[in-house]
Amino acid sequence: MPRELLALQVIPGKVLRIGIPDGRVHTLLDDAGAAPDGIVVHDRVVYWTTMGAPLTDPATPGEAGQDFSRRNGGVHALGLGGGTPRDLVPAGAMTTGKQLAGDGAGRLYWGDREGHRISSVRVDGGGLTDLVVNPAADGVMGECVGVAVDPARGHLYWTQKGPAKGGRGRILRAGLEIPAGQSAGHRTDIEVLWDGLPEPIDLHLDGDRLYWTDRGAAPAGNTLNRAPLPAPGEPGQRPEILADGFAEAIGLAVDAREGIAYVSDLGGRLRAVPLPDGPAAGRPPREILAGHHPLTGLCLLPDGA
């Protein structure tokens with residue numbers, strides 16, 4: 001059976017089900033809330049985050065005029081068969097929900113950008129907790145966006161994108177468990193793996209490699225990147241750029257079996273990028289979807305879903 005993707009349309013907020021071979025789009029949910037951003041599937045249930053509705057300054061065009069600092073983001077759930085969505089995280093409990101990841105065992109993790117934190121909750125809505133909290137005084141440098149989890153090795157990875165097109169983005173790592181006697185705001189096991197990146201956004205962990213999108217300035221920005229996971233205490237190697245030319249690259253899903261990475265962007269495009277060492281090596285990138293609405297989060301549907 002051909003594989004499918006779930007993608008989030010940010011304006012107006014929708015959950016889309018997209019056929020990979022033909023780009024055919026089916027709307028799974030017409031009203032996904034204000035500014036949906038991160039998405040994952042677990043046990044035939046779709047989970048996604050919302051950034052919430054911003055305060056808008058009409059005198060400042062584009063994203064610069066949007067203030068997402070109000071605590072009105074959320075985490076939501078819907079069965080693949082449809083029905084009524086439910087909220088896992090109630091309104092007012094988080095600020096700006098960004099990329100969402102799961103550990104495969106019933107726990108979700110996400111970046112809370114203006115909340116300056118990485119948080120987690122069980123798929124039943126219980127156990128809401130913060131794992132990383134950066135000082136509010138850090139401003140944009142403390143904003144957390146992308147997230148990936150490695151349960152086998154007990155690690156959490158996340159991006160702090162820094163200022164737009166600023167070349168100050170970072171990718172960090174810490175334990176999935178806060179060290180004994182420490183707290184989310186004061187933990188000593190945080191490593192900075194990559195620094196000085198254009199503007200890293202979403203992450204995907206596959207084996208011993210970390211993949212990420214970057215929406216920063218060319219030539220290193222608006223790219224799909226990957227690099228080997230660094231050993232403990234070691235910095236990350238210079239990333240390999242797998243594709244470029246995106247229109248603000250955001251969402252990322254990697255199909256290791258087929259050897260293809262999928263990237264969505266704010267230009268409304270969804271592109272399939274063959275990996276250089278996978279079964280699809282040598283094929284050119286392929287545009288699956290060229291829509292008119294910006295796309296954010298992306299995930300593969302499990303076989304048979």
# chains A, B, ... in the order shown; residues from 1 in each chain; ligands from 1

call {"tool": "residues_around", "arguments": {"residues": "A:Thr49", "least_positions_apart": "6", "cutoff": "6 Å", "atoms": "only C-alpha atoms", "output": "ChimeraX atom specification"}}
result
/A:36-38,74-75,97

call {"tool": "write_last_selection", "arguments": {"atoms": "all heavy atoms", "output": "mmCIF file, in the first residue's frame"}}
result
data_model
loop_
_atom_site.group_PDB
_atom_site.id
_atom_site.type_symbol
_atom_site.label_atom_id
_atom_site.label_comp_id
_atom_site.auth_asym_id
_atom_site.auth_seq_id
_atom_site.Cartn_x
_atom_site.Cartn_y
_atom_site.Cartn_z
ATOM 1 N N PRO A 36 -1.477 25.520 13.998
ATOM 2 C CA PRO A 36 -0.924 24.198 14.329
ATOM 3 C C PRO A 36 0.503 24.072 13.821
ATOM 4 O O PRO A 36 0.850 24.623 12.771
ATOM 5 C CB PRO A 36 -1.868 23.232 13.618
ATOM 6 C CG PRO A 36 -2.482 24.024 12.515
ATOM 7 C CD PRO A 36 -2.577 25.428 13.017
ATOM 8 N N ASP A 37 1.334 23.320 14.566
ATOM 9 C CA ASP A 37 2.760 23.319 14.209
ATOM 10 C C ASP A 37 3.429 21.953 14.238
ATOM 11 O O ASP A 37 4.204 21.629 13.361
ATOM 12 C CB ASP A 37 3.525 24.269 15.134
ATOM 13 C CG ASP A 37 4.917 24.570 14.620
ATOM 14 O OD1 ASP A 37 5.853 23.798 14.918
ATOM 15 O OD2 ASP A 37 5.080 25.565 13.896
ATOM 16 N N GLY A 38 3.208 21.136 15.272
ATOM 17 C CA GLY A 38 3.888 19.843 15.385
ATOM 18 C C GLY A 38 2.892 18.710 15.385
ATOM 19 O O GLY A 38 1.791 18.833 15.947
ATOM 20 N N GLY A 74 -1.647 24.795 22.686
ATOM 21 C CA GLY A 74 -2.214 23.563 23.219
ATOM 22 C C GLY A 74 -1.665 22.323 22.562
ATOM 23 O O GLY A 74 -0.897 22.386 21.599
ATOM 24 N N VAL A 75 -2.048 21.171 23.107
ATOM 25 C CA VAL A 75 -1.773 19.863 22.519
ATOM 26 C C VAL A 75 -3.119 19.161 22.387
ATOM 27 O O VAL A 75 -3.913 19.126 23.337
ATOM 28 C CB VAL A 75 -0.825 19.016 23.392
ATOM 29 C CG1 VAL A 75 -0.547 17.677 22.712
ATOM 30 C CG2 VAL A 75 0.480 19.759 23.651
ATOM 31 N N GLY A 97 3.084 25.982 21.199
ATOM 32 C CA GLY A 97 3.431 24.605 20.867
ATOM 33 C C GLY A 97 4.106 24.508 19.508
ATOM 34 O O GLY A 97 3.543 24.911 18.499
#

call {"tool": "select_by_dssp", "arguments": {"residues": "stretch 109-282 of chain A", "states": "strand (DSSP E or B)", "output": "JSON, numbers by chain"}}
result
{"A": [109, 110, 111, 112, 117, 118, 119, 120, 121, 122, 129, 130, 131, 132, 133, 144, 145, 146, 147, 148, 149, 150, 155, 156, 157, 158, 159, 160, 169, 170, 171, 172, 173, 174, 175, 183, 186, 191, 192, 193, 194, 195, 196, 197, 200, 201, 202, 203, 204, 205, 206, 209, 210, 211, 212, 213, 214, 223, 224, 225, 226, 227, 228, 240, 241, 242, 243, 249, 250, 251, 252, 253, 254, 255, 260, 261, 262, 263, 264, 265, 269, 270, 271, 272, 273, 274]}

call {"tool": "residues_around", "arguments": {"residues": "stretch 4-17 of chain A", "least_positions_apart": "2", "cutoff": "6 Å", "atoms": "only C-alpha atoms", "output": "list of chain:residue names"}}
result
A:Gly19, A:Ile20, A:Val25, A:His26, A:Thr27, A:Leu28, A:Leu29, A:Asp30, A:Asp31, A:Ala32, A:Gly33, A:Ala35, A:Pro36, A:Pro294, A:Leu295, A:Thr296, A:Gly297, A:Leu298, A:Cys299, A:Leu300, A:Leu301

call {"tool": "closest_residue", "arguments": {"among": "A:Gln99, A:Asn134, A:Asn222, A:Thr84", "to": "A:Arg187", "atoms": "only C-alpha atoms"}}
result
A:Asn134

call {"tool": "closest_atom_pairs", "arguments": {"of": "stretch 16-114 of chain A", "to": "stretch 161-179 of chain A", "cutoff": "12 Å", "atoms": "only C-alpha atoms", "output": "Markdown table"}}
result
| residue | atom | partner | partner_atom | distance |
| --- | --- | --- | --- | --- |
| A:Glu63 | CA | A:Ala164 | CA | 9.9 |
| A:Ala64 | CA | A:Ala164 | CA | 9.3 |
| A:Lys98 | CA | A:Lys161 | CA | 11.9 |
| A:Asp103 | CA | A:Leu176 | CA | 10.3 |
| A:Arg107 | CA | A:Leu176 | CA | 11.4 |
| A:Leu108 | CA | A:Leu176 | CA | 11.8 |
| A:Tyr109 | CA | A:Leu176 | CA | 10.1 |
| A:Gly111 | CA | A:Lys161 | CA | 11.3 |
| A:Arg113 | CA | A:Lys161 | CA | 9.4 |
| A:Glu114 | CA | A:Gly162 | CA | 11.7 |

call {"tool": "write_last_selection", "arguments": {"atoms": "C-alpha atoms", "output": "compact mmCIF listing (two decimals), in the first residue's frame"}}
result
# COMPACT_ATOMS: atom_id res chain seq x y z
CA GLU A 63 5.86 37.35 11.32
CA ALA A 64 7.68 40.26 12.93
CA LYS A 98 6.06 23.78 18.24
CA ASP A 103 8.76 8.04 22.54
CA ARG A 107 4.63 9.99 26.14
CA LEU A 108 4.79 13.13 24.00
CA TYR A 109 7.44 15.88 23.96
CA GLY A 111 9.14 22.65 22.11
CA ARG A 113 8.92 28.56 21.81
CA GLU A 114 7.83 31.67 23.67

call {"tool": "residues_around", "arguments": {"residues": "A:Asp244", "least_positions_apart": "6", "cutoff": "12 Å", "atoms": "only C-alpha atoms", "output": "number ranges by chain"}}
result
A: 213-225, 263, 265, 271, 273, 285

call {"tool": "residues_around", "arguments": {"residues": "A:Leu289", "least_positions_apart": "6", "cutoff": "7 Å", "atoms": "only C-alpha atoms", "output": "compact mmCIF listing (two decimals) with N, CA, C and O atoms, in the first residue's frame"}}
result
# COMPACT_ATOMS: atom_id res chain seq x y z
N GLY A 23 0.29 13.01 -4.48
CA GLY A 23 0.03 14.30 -3.86
C GLY A 23 -1.44 14.58 -3.59
O GLY A 23 -1.82 15.71 -3.29
N ARG A 269 4.84 24.17 -0.04
CA ARG A 269 5.37 23.06 -0.82
C ARG A 269 5.74 21.88 0.06
O ARG A 269 6.15 22.04 1.20
N LEU A 270 5.60 20.70 -0.51
CA LEU A 270 6.03 19.45 0.13
C LEU A 270 6.94 18.74 -0.85
O LEU A 270 6.53 18.43 -1.97

call {"tool": "atom_distance", "arguments": {"atom1": "atom CA of A:Ala77", "atom2": "atom CA of A:Val45"}}
result
6.7 Å

call {"tool": "residues_around", "arguments": {"residues": "A:Gly233", "least_positions_apart": "4", "cutoff": "10 Å", "atoms": "only C-alpha atoms", "output": "MDAnalysis selection string"}}
result
chainID A and resid 189:193

call {"tool": "residues_around", "arguments": {"residues": "A:Arg226", "least_positions_apart": "4", "cutoff": "8 Å", "atoms": "only C-alpha atoms", "output": "PyMOL selection string"}}
result
chain A and resi 209-212+239-242

call {"tool": "atom_distance", "arguments": {"atom1": "atom CA of A:Gly236", "atom2": "atom CA of A:Trp194"}}
result
5.5 Å

call {"tool": "select_by_dssp", "arguments": {"residues": "stretch 108-205 of chain A", "states": "helix (DSSP H, G or I)", "output": "ChimeraX atom specification"}}
result
/A:136-142

call {"tool": "write_last_selection", "arguments": {"atoms": "all heavy atoms", "output": "PDB file, in the first residue's frame"}}
result
ATOM      1  N   ALA A 136      13.727  33.612  31.059  1.00  0.00           N
ATOM      2  CA  ALA A 136      13.000  34.562  30.214  1.00  0.00           C
ATOM      3  C   ALA A 136      13.931  35.657  29.707  1.00  0.00           C
ATOM      4  O   ALA A 136      13.745  36.185  28.601  1.00  0.00           O
ATOM      5  CB  ALA A 136      11.833  35.168  30.992  1.00  0.00           C
ATOM      6  N   ALA A 137      14.952  35.983  30.491  1.00  0.00           N
ATOM      7  CA  ALA A 137      15.893  37.036  30.109  1.00  0.00           C
ATOM      8  C   ALA A 137      16.704  36.680  28.865  1.00  0.00           C
ATOM      9  O   ALA A 137      17.288  37.569  28.234  1.00  0.00           O
ATOM     10  CB  ALA A 137      16.837  37.344  31.267  1.00  0.00           C
ATOM     11  N   ASP A 138      16.731  35.388  28.494  1.00  0.00           N
ATOM     12  CA  ASP A 138      17.455  34.977  27.286  1.00  0.00           C
ATOM     13  C   ASP A 138      16.776  35.459  26.014  1.00  0.00           C
ATOM     14  O   ASP A 138      17.385  35.428  24.935  1.00  0.00           O
ATOM     15  CB  ASP A 138      17.599  33.451  27.233  1.00  0.00           C
ATOM     16  CG  ASP A 138      18.601  32.922  28.240  1.00  0.00           C
ATOM     17  OD1 ASP A 138      19.261  33.737  28.909  1.00  0.00           O
ATOM     18  OD2 ASP A 138      18.714  31.682  28.358  1.00  0.00           O
ATOM     19  N   GLY A 139      15.519  35.870  26.105  1.00  0.00           N
ATOM     20  CA  GLY A 139      14.806  36.360  24.930  1.00  0.00           C
ATOM     21  C   GLY A 139      14.747  35.321  23.832  1.00  0.00           C
ATOM     22  O   GLY A 139      14.573  34.127  24.080  1.00  0.00           O
ATOM     23  N   VAL A 140      14.924  35.767  22.586  1.00  0.00           N
ATOM     24  CA  VAL A 140      14.810  34.879  21.439  1.00  0.00           C
ATOM     25  C   VAL A 140      15.873  33.779  21.465  1.00  0.00           C
ATOM     26  O   VAL A 140      15.669  32.695  20.914  1.00  0.00           O
ATOM     27  CB  VAL A 140      14.879  35.686  20.125  1.00  0.00           C
ATOM     28  CG1 VAL A 140      16.276  36.245  19.886  1.00  0.00           C
ATOM     29  CG2 VAL A 140      14.435  34.850  18.939  1.00  0.00           C
ATOM     30  N   MET A 141      16.996  34.008  22.129  1.00  0.00           N
ATOM     31  CA  MET A 141      18.048  32.988  22.190  1.00  0.00           C
ATOM     32  C   MET A 141      17.639  31.792  23.041  1.00  0.00           C
ATOM     33  O   MET A 141      18.232  30.717  22.927  1.00  0.00           O
ATOM     34  CB  MET A 141      19.342  33.595  22.730  1.00  0.00           C
ATOM     35  CG  MET A 141      20.020  34.554  21.770  1.00  0.00           C
ATOM     36  SD  MET A 141      20.480  33.759  20.210  1.00  0.00           S
ATOM     37  CE  MET A 141      21.683  32.544  20.781  1.00  0.00           C
ATOM     38  N   GLY A 142      16.626  31.940  23.882  1.00  0.00           N
ATOM     39  CA  GLY A 142      16.174  30.838  24.721  1.00  0.00           C
ATOM     40  C   GLY A 142      14.940  30.138  24.212  1.00  0.00           C
ATOM     41  O   GLY A 142      14.396  29.255  24.885  1.00  0.00           O
TER      42      GLY A 142
END

call {"tool": "closest_residue", "arguments": {"among": "A:Pro235, A:Leu80, A:Glu143, A:Leu88", "to": "A:Glu199", "atoms": "only C-alpha atoms"}}
result
A:Glu143

call {"tool": "atom_distance", "arguments": {"atom1": "atom CA of A:His186", "atom2": "atom CA of A:Arg117"}}
result
12.1 Å

call {"tool": "closest_residue", "arguments": {"among": "A:Pro279, A:Gly267, A:Pro230, A:Gly259", "to": "A:Gly245", "atoms": "only C-alpha atoms"}}
result
A:Gly267

call {"tool": "closest_residue", "arguments": {"among": "A:Gly196, A:Pro135, A:Pro54, A:Gly79", "to": "A:Asp67", "atoms": "only C-alpha atoms"}}
result
A:Pro54

call {"tool": "closest_residue", "arguments": {"among": "A:Asp57, A:Asp195, A:Asp124, A:Asp150", "to": "A:Arg86", "atoms": "only C-alpha atoms"}}
result
A:Asp124
